[in-house]
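Report on one structure; see the data block that follows.
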Amino acid sequence: MFSDKVVLVTGASSGIGAATAVEFAKSGAKLSLTGRNEQNLQNVASECEKVSKMKPLTVIADVAVEADVKNVLDSTVKHFGRLDVLVNNAGISGSGSIENTSLQQYDEILNTNLRSVYHLTMLAVPYLARSRGNIVNVSSTAGIRSFPGFLAYSLSKSAVDQFTRCVALELAGKQVRVNCVDPGVIVTELQRRRGMDDESYQQFLEKSKQHHALGRVGQPGEVADAILFLASEKANFITGVNLPVDGGRHAMCPM
């Protein structure tokens, strides 16, 4: 499906990004993978190489750092000579309300979840226009629905949804499609990284089942499948879409 296509995935060292990288590898894509954790990124690259017999390019980077973002794009184009699909997946979470979210935390979340997406997309546009490629952003149900206690995170994801729609219109004339997925609660390390211990995390997952119409939380591979669909030729007439991948969570009334 993606034979000879060059796909850049940010945040590829774990969770949704790692699952997406492996699925693209299975579909024959040439991969450029970036993340902050070098060992995890190499492990994902090795798994991709096993299924595709092609070694991905790996670039250690923090997408919140401007120089790193530029290096990711430059390294990808220098190595492969083109870019067909950009998956803006890298992101961080964080809890807090208007009363206790510091400006430092706000900046950290917005810089990673939004500013980096803006920056990398801006740099990638000339190459995607040349290949008539496409972009898939990874947002969240928190961008669609309001949840107390996750203010900065929710703001960042709502902005990614609007960014997707606006850029889709701006790039439509170049035949570059732009879409995003909005996952619900997915079993990844995202929540643990904001300080949850194992017991708290299991309680969080159990409680979250009640907030998804299908009665369960999601798996990274289920989001990866949606990303691959939106990036594929099967979605050639789809642009500007925010696709919930959340077991129906976005459609439920508050509980």
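Chain labels follow the order of the structure tokens: the first chain is A, the next B, and so on; residue numbering restarts at 1 in every chain, and ligands are counted from 1 in their shown order.
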Enumerate, in order of chain and increasing residue number, the residues of segment 63-158 of chain A with an atom no farther than 10 Å from segment 216-239 of chain A, each with its shortest atom pair and distance in Å to one decimal, counting only C-alpha atoms, as a Markdown table.
```
| residue | atom | partner | partner_atom | distance |
| --- | --- | --- | --- | --- |
| A:Asp84 | CA | A:Ala231 | CA | 9.2 |
| A:Val85 | CA | A:Ala231 | CA | 6.8 |
| A:Leu86 | CA | A:Ala231 | CA | 8.8 |
| A:Val87 | CA | A:Ile227 | CA | 8.2 |
| A:Gly133 | CA | A:Ala231 | CA | 8.4 |
| A:Asn134 | CA | A:Ala231 | CA | 6.4 |
| A:Ile135 | CA | A:Ala231 | CA | 7.1 |
| A:Val136 | CA | A:Ile227 | CA | 6.6 |
| A:Asn137 | CA | A:Ile227 | CA | 8.5 |
| A:Val138 | CA | A:Ile227 | CA | 8.4 |
```
Quick one: write out the picked residues with N, CA and C atoms as a PDB file, in the first residue's frame?
```pdb
ATOM      1  N   ASP A  84       6.553  11.772   1.574  1.00  0.00           N
ATOM      2  CA  ASP A  84       5.194  11.512   1.095  1.00  0.00           C
ATOM      3  C   ASP A  84       4.131  11.638   2.180  1.00  0.00           C
ATOM      4  N   VAL A  85       4.483  11.239   3.397  1.00  0.00           N
ATOM      5  CA  VAL A  85       3.512  11.275   4.499  1.00  0.00           C
ATOM      6  C   VAL A  85       4.199  11.793   5.756  1.00  0.00           C
ATOM      7  N   LEU A  86       3.565  12.744   6.409  1.00  0.00           N
ATOM      8  CA  LEU A  86       4.030  13.252   7.697  1.00  0.00           C
ATOM      9  C   LEU A  86       2.998  12.894   8.754  1.00  0.00           C
ATOM     10  N   VAL A  87       3.430  12.173   9.784  1.00  0.00           N
ATOM     11  CA  VAL A  87       2.559  11.839  10.911  1.00  0.00           C
ATOM     12  C   VAL A  87       3.057  12.611  12.131  1.00  0.00           C
ATOM     13  N   GLY A 133       1.673  14.567  -1.331  1.00  0.00           N
ATOM     14  CA  GLY A 133       1.558  13.710  -0.157  1.00  0.00           C
ATOM     15  C   GLY A 133       0.470  14.172   0.791  1.00  0.00           C
ATOM     16  N   ASN A 134       0.564  13.738   2.040  1.00  0.00           N
ATOM     17  CA  ASN A 134      -0.468  14.108   3.003  1.00  0.00           C
ATOM     18  C   ASN A 134       0.070  14.091   4.420  1.00  0.00           C
ATOM     19  N   ILE A 135      -0.721  14.663   5.308  1.00  0.00           N
ATOM     20  CA  ILE A 135      -0.373  14.808   6.720  1.00  0.00           C
ATOM     21  C   ILE A 135      -1.468  14.178   7.570  1.00  0.00           C
ATOM     22  N   VAL A 136      -1.055  13.452   8.592  1.00  0.00           N
ATOM     23  CA  VAL A 136      -1.999  12.972   9.602  1.00  0.00           C
ATOM     24  C   VAL A 136      -1.501  13.435  10.964  1.00  0.00           C
ATOM     25  N   ASN A 137      -2.305  14.242  11.632  1.00  0.00           N
ATOM     26  CA  ASN A 137      -1.981  14.713  12.971  1.00  0.00           C
ATOM     27  C   ASN A 137      -2.666  13.834  14.010  1.00  0.00           C
ATOM     28  N   VAL A 138      -2.019  13.673  15.148  1.00  0.00           N
ATOM     29  CA  VAL A 138      -2.622  12.889  16.231  1.00  0.00           C
ATOM     30  C   VAL A 138      -3.077  13.855  17.314  1.00  0.00           C
TER      31      VAL A 138
END
```
Excluding Lys209 of chain A and residues on its chain fewer than 4 positions from it, collect all residues at most 10 Å away from it, counting only C-alpha atoms, and give them as a ChimeraX atom specification. /A:185,204-205,213-218,247,249
Those residues you just picked out, can you put them in a file as a PDB file, in the first residue's frame with N, CA and C atoms?
```pdb
ATOM      1  N   VAL A 185      -9.030   7.135  25.362  1.00  0.00           N
ATOM      2  CA  VAL A 185      -8.000   6.579  26.247  1.00  0.00           C
ATOM      3  C   VAL A 185      -7.405   5.343  25.575  1.00  0.00           C
ATOM      4  N   PHE A 204      -7.222   3.895  36.679  1.00  0.00           N
ATOM      5  CA  PHE A 204      -7.594   4.855  35.638  1.00  0.00           C
ATOM      6  C   PHE A 204      -8.167   4.136  34.420  1.00  0.00           C
ATOM      7  N   LEU A 205      -7.513   3.057  33.990  1.00  0.00           N
ATOM      8  CA  LEU A 205      -7.997   2.309  32.827  1.00  0.00           C
ATOM      9  C   LEU A 205      -9.359   1.678  33.102  1.00  0.00           C
ATOM     10  N   ALA A 213     -18.283   4.264  24.899  1.00  0.00           N
ATOM     11  CA  ALA A 213     -19.537   3.551  24.602  1.00  0.00           C
ATOM     12  C   ALA A 213     -19.322   2.057  24.395  1.00  0.00           C
ATOM     13  N   LEU A 214     -18.172   1.680  23.855  1.00  0.00           N
ATOM     14  CA  LEU A 214     -17.909   0.259  23.605  1.00  0.00           C
ATOM     15  C   LEU A 214     -17.477  -0.490  24.858  1.00  0.00           C
ATOM     16  N   GLY A 215     -17.350   0.233  25.970  1.00  0.00           N
ATOM     17  CA  GLY A 215     -17.083  -0.425  27.241  1.00  0.00           C
ATOM     18  C   GLY A 215     -15.649  -0.867  27.453  1.00  0.00           C
ATOM     19  N   ARG A 216     -14.734  -0.278  26.722  1.00  0.00           N
ATOM     20  CA  ARG A 216     -13.319  -0.619  26.891  1.00  0.00           C
ATOM     21  C   ARG A 216     -12.472   0.545  26.424  1.00  0.00           C
ATOM     22  N   VAL A 217     -11.184   0.495  26.791  1.00  0.00           N
ATOM     23  CA  VAL A 217     -10.238   1.477  26.263  1.00  0.00           C
ATOM     24  C   VAL A 217      -9.610   0.911  24.998  1.00  0.00           C
ATOM     25  N   GLY A 218      -8.839   1.737  24.300  1.00  0.00           N
ATOM     26  CA  GLY A 218      -8.298   1.331  23.008  1.00  0.00           C
ATOM     27  C   GLY A 218      -6.863   0.873  23.079  1.00  0.00           C
ATOM     28  N   GLY A 247     -13.880   4.636  20.664  1.00  0.00           N
ATOM     29  CA  GLY A 247     -14.926   3.757  21.179  1.00  0.00           C
ATOM     30  C   GLY A 247     -16.229   4.480  21.478  1.00  0.00           C
ATOM     31  N   ARG A 249     -16.507   7.610  22.710  1.00  0.00           N
ATOM     32  CA  ARG A 249     -16.441   8.517  23.847  1.00  0.00           C
ATOM     33  C   ARG A 249     -16.930   9.935  23.508  1.00  0.00           C
TER      34      ARG A 249
END
```
Name the residues in contact with Cys166 of chain A at a cut-off of 12 Å, using only C-alpha atoms, excluding same-chain residues fewer than 3 positions from it; report them as a short mmCIF file (atom, residue, chain, number, x, y, z; two decimals) with N, CA, C and O atoms, in the first residue's frame.
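For reference, part29.cif as written:
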```
data_model
loop_
_atom_site.label_atom_id
_atom_site.label_comp_id
_atom_site.auth_asym_id
_atom_site.auth_seq_id
_atom_site.Cartn_x
_atom_site.Cartn_y
_atom_site.Cartn_z
N TYR A 118 3.04 22.76 14.11
CA TYR A 118 3.06 23.93 13.20
C TYR A 118 4.41 24.03 12.50
O TYR A 118 4.48 24.18 11.28
N ALA A 159 -6.59 22.93 19.52
CA ALA A 159 -5.87 23.74 18.52
C ALA A 159 -5.35 22.87 17.38
O ALA A 159 -5.35 23.30 16.22
N VAL A 160 -4.91 21.65 17.68
CA VAL A 160 -4.46 20.73 16.62
C VAL A 160 -5.62 20.39 15.69
O VAL A 160 -5.45 20.32 14.46
N ASP A 161 -6.81 20.21 16.24
CA ASP A 161 -7.99 19.94 15.41
C ASP A 161 -8.26 21.10 14.45
O ASP A 161 -8.51 20.90 13.26
N GLN A 162 -8.22 22.32 14.98
CA GLN A 162 -8.47 23.49 14.13
C GLN A 162 -7.33 23.70 13.14
O GLN A 162 -7.57 24.07 11.98
N PHE A 163 -6.12 23.48 13.59
CA PHE A 163 -4.95 23.57 12.70
C PHE A 163 -5.14 22.63 11.51
O PHE A 163 -4.88 23.00 10.36
N LEU A 169 -7.49 23.30 4.13
CA LEU A 169 -8.00 24.23 3.14
C LEU A 169 -6.86 24.97 2.43
O LEU A 169 -6.91 25.20 1.22
N GLU A 170 -5.84 25.33 3.19
CA GLU A 170 -4.73 26.07 2.62
C GLU A 170 -3.93 25.25 1.62
O GLU A 170 -3.40 25.78 0.63
N LEU A 171 -3.84 23.93 1.85
CA LEU A 171 -3.01 23.08 1.00
C LEU A 171 -3.80 22.28 -0.03
O LEU A 171 -3.22 21.55 -0.83
N ALA A 172 -5.12 22.44 -0.02
CA ALA A 172 -5.95 21.67 -0.96
C ALA A 172 -5.59 21.97 -2.41
O ALA A 172 -5.59 21.07 -3.26
N ARG A 177 -3.38 16.52 1.24
CA ARG A 177 -4.47 16.29 2.19
C ARG A 177 -3.95 16.41 3.63
O ARG A 177 -2.81 16.04 3.91
N VAL A 178 -4.81 16.90 4.52
CA VAL A 178 -4.45 17.05 5.93
C VAL A 178 -5.61 16.58 6.78
O VAL A 178 -6.72 17.12 6.69
N ASN A 179 -5.38 15.57 7.60
CA ASN A 179 -6.41 15.02 8.48
C ASN A 179 -5.82 14.75 9.86
O ASN A 179 -4.61 14.84 10.05
N CYS A 180 -6.68 14.43 10.80
CA CYS A 180 -6.16 14.02 12.10
C CYS A 180 -7.06 12.97 12.73
O CYS A 180 -8.24 12.83 12.38
N THR A 239 -10.18 15.10 3.30
CA THR A 239 -9.24 16.09 3.85
C THR A 239 -9.98 16.99 4.82
O THR A 239 -11.20 17.21 4.70
N GLY A 240 -9.26 17.51 5.82
CA GLY A 240 -9.86 18.38 6.82
C GLY A 240 -10.70 17.66 7.85
O GLY A 240 -11.54 18.27 8.52
N VAL A 241 -10.46 16.35 8.02
CA VAL A 241 -11.29 15.54 8.90
C VAL A 241 -10.61 15.34 10.25
O VAL A 241 -9.41 15.07 10.33
N ASN A 242 -11.41 15.46 11.33
CA ASN A 242 -10.98 15.07 12.68
C ASN A 242 -11.71 13.78 13.00
O ASN A 242 -12.91 13.80 13.29
#
```
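As for atom CA of Gly143 of chain A and atom CA of Ala67 of chain A, they are spaced 27.7 Å apart.
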Residues of segment 33-239 of chain A in strand (DSSP E) according to DSSP, as a PyMOL selection string? chain A and resi 33-35+57-60+85-88+134-138+177-183
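Across A:Ala25, A:Val63, A:Val167, A:Leu128, the tightest approach to Met1 of chain A is made by A:Ala25 when counting only C-alpha atoms.
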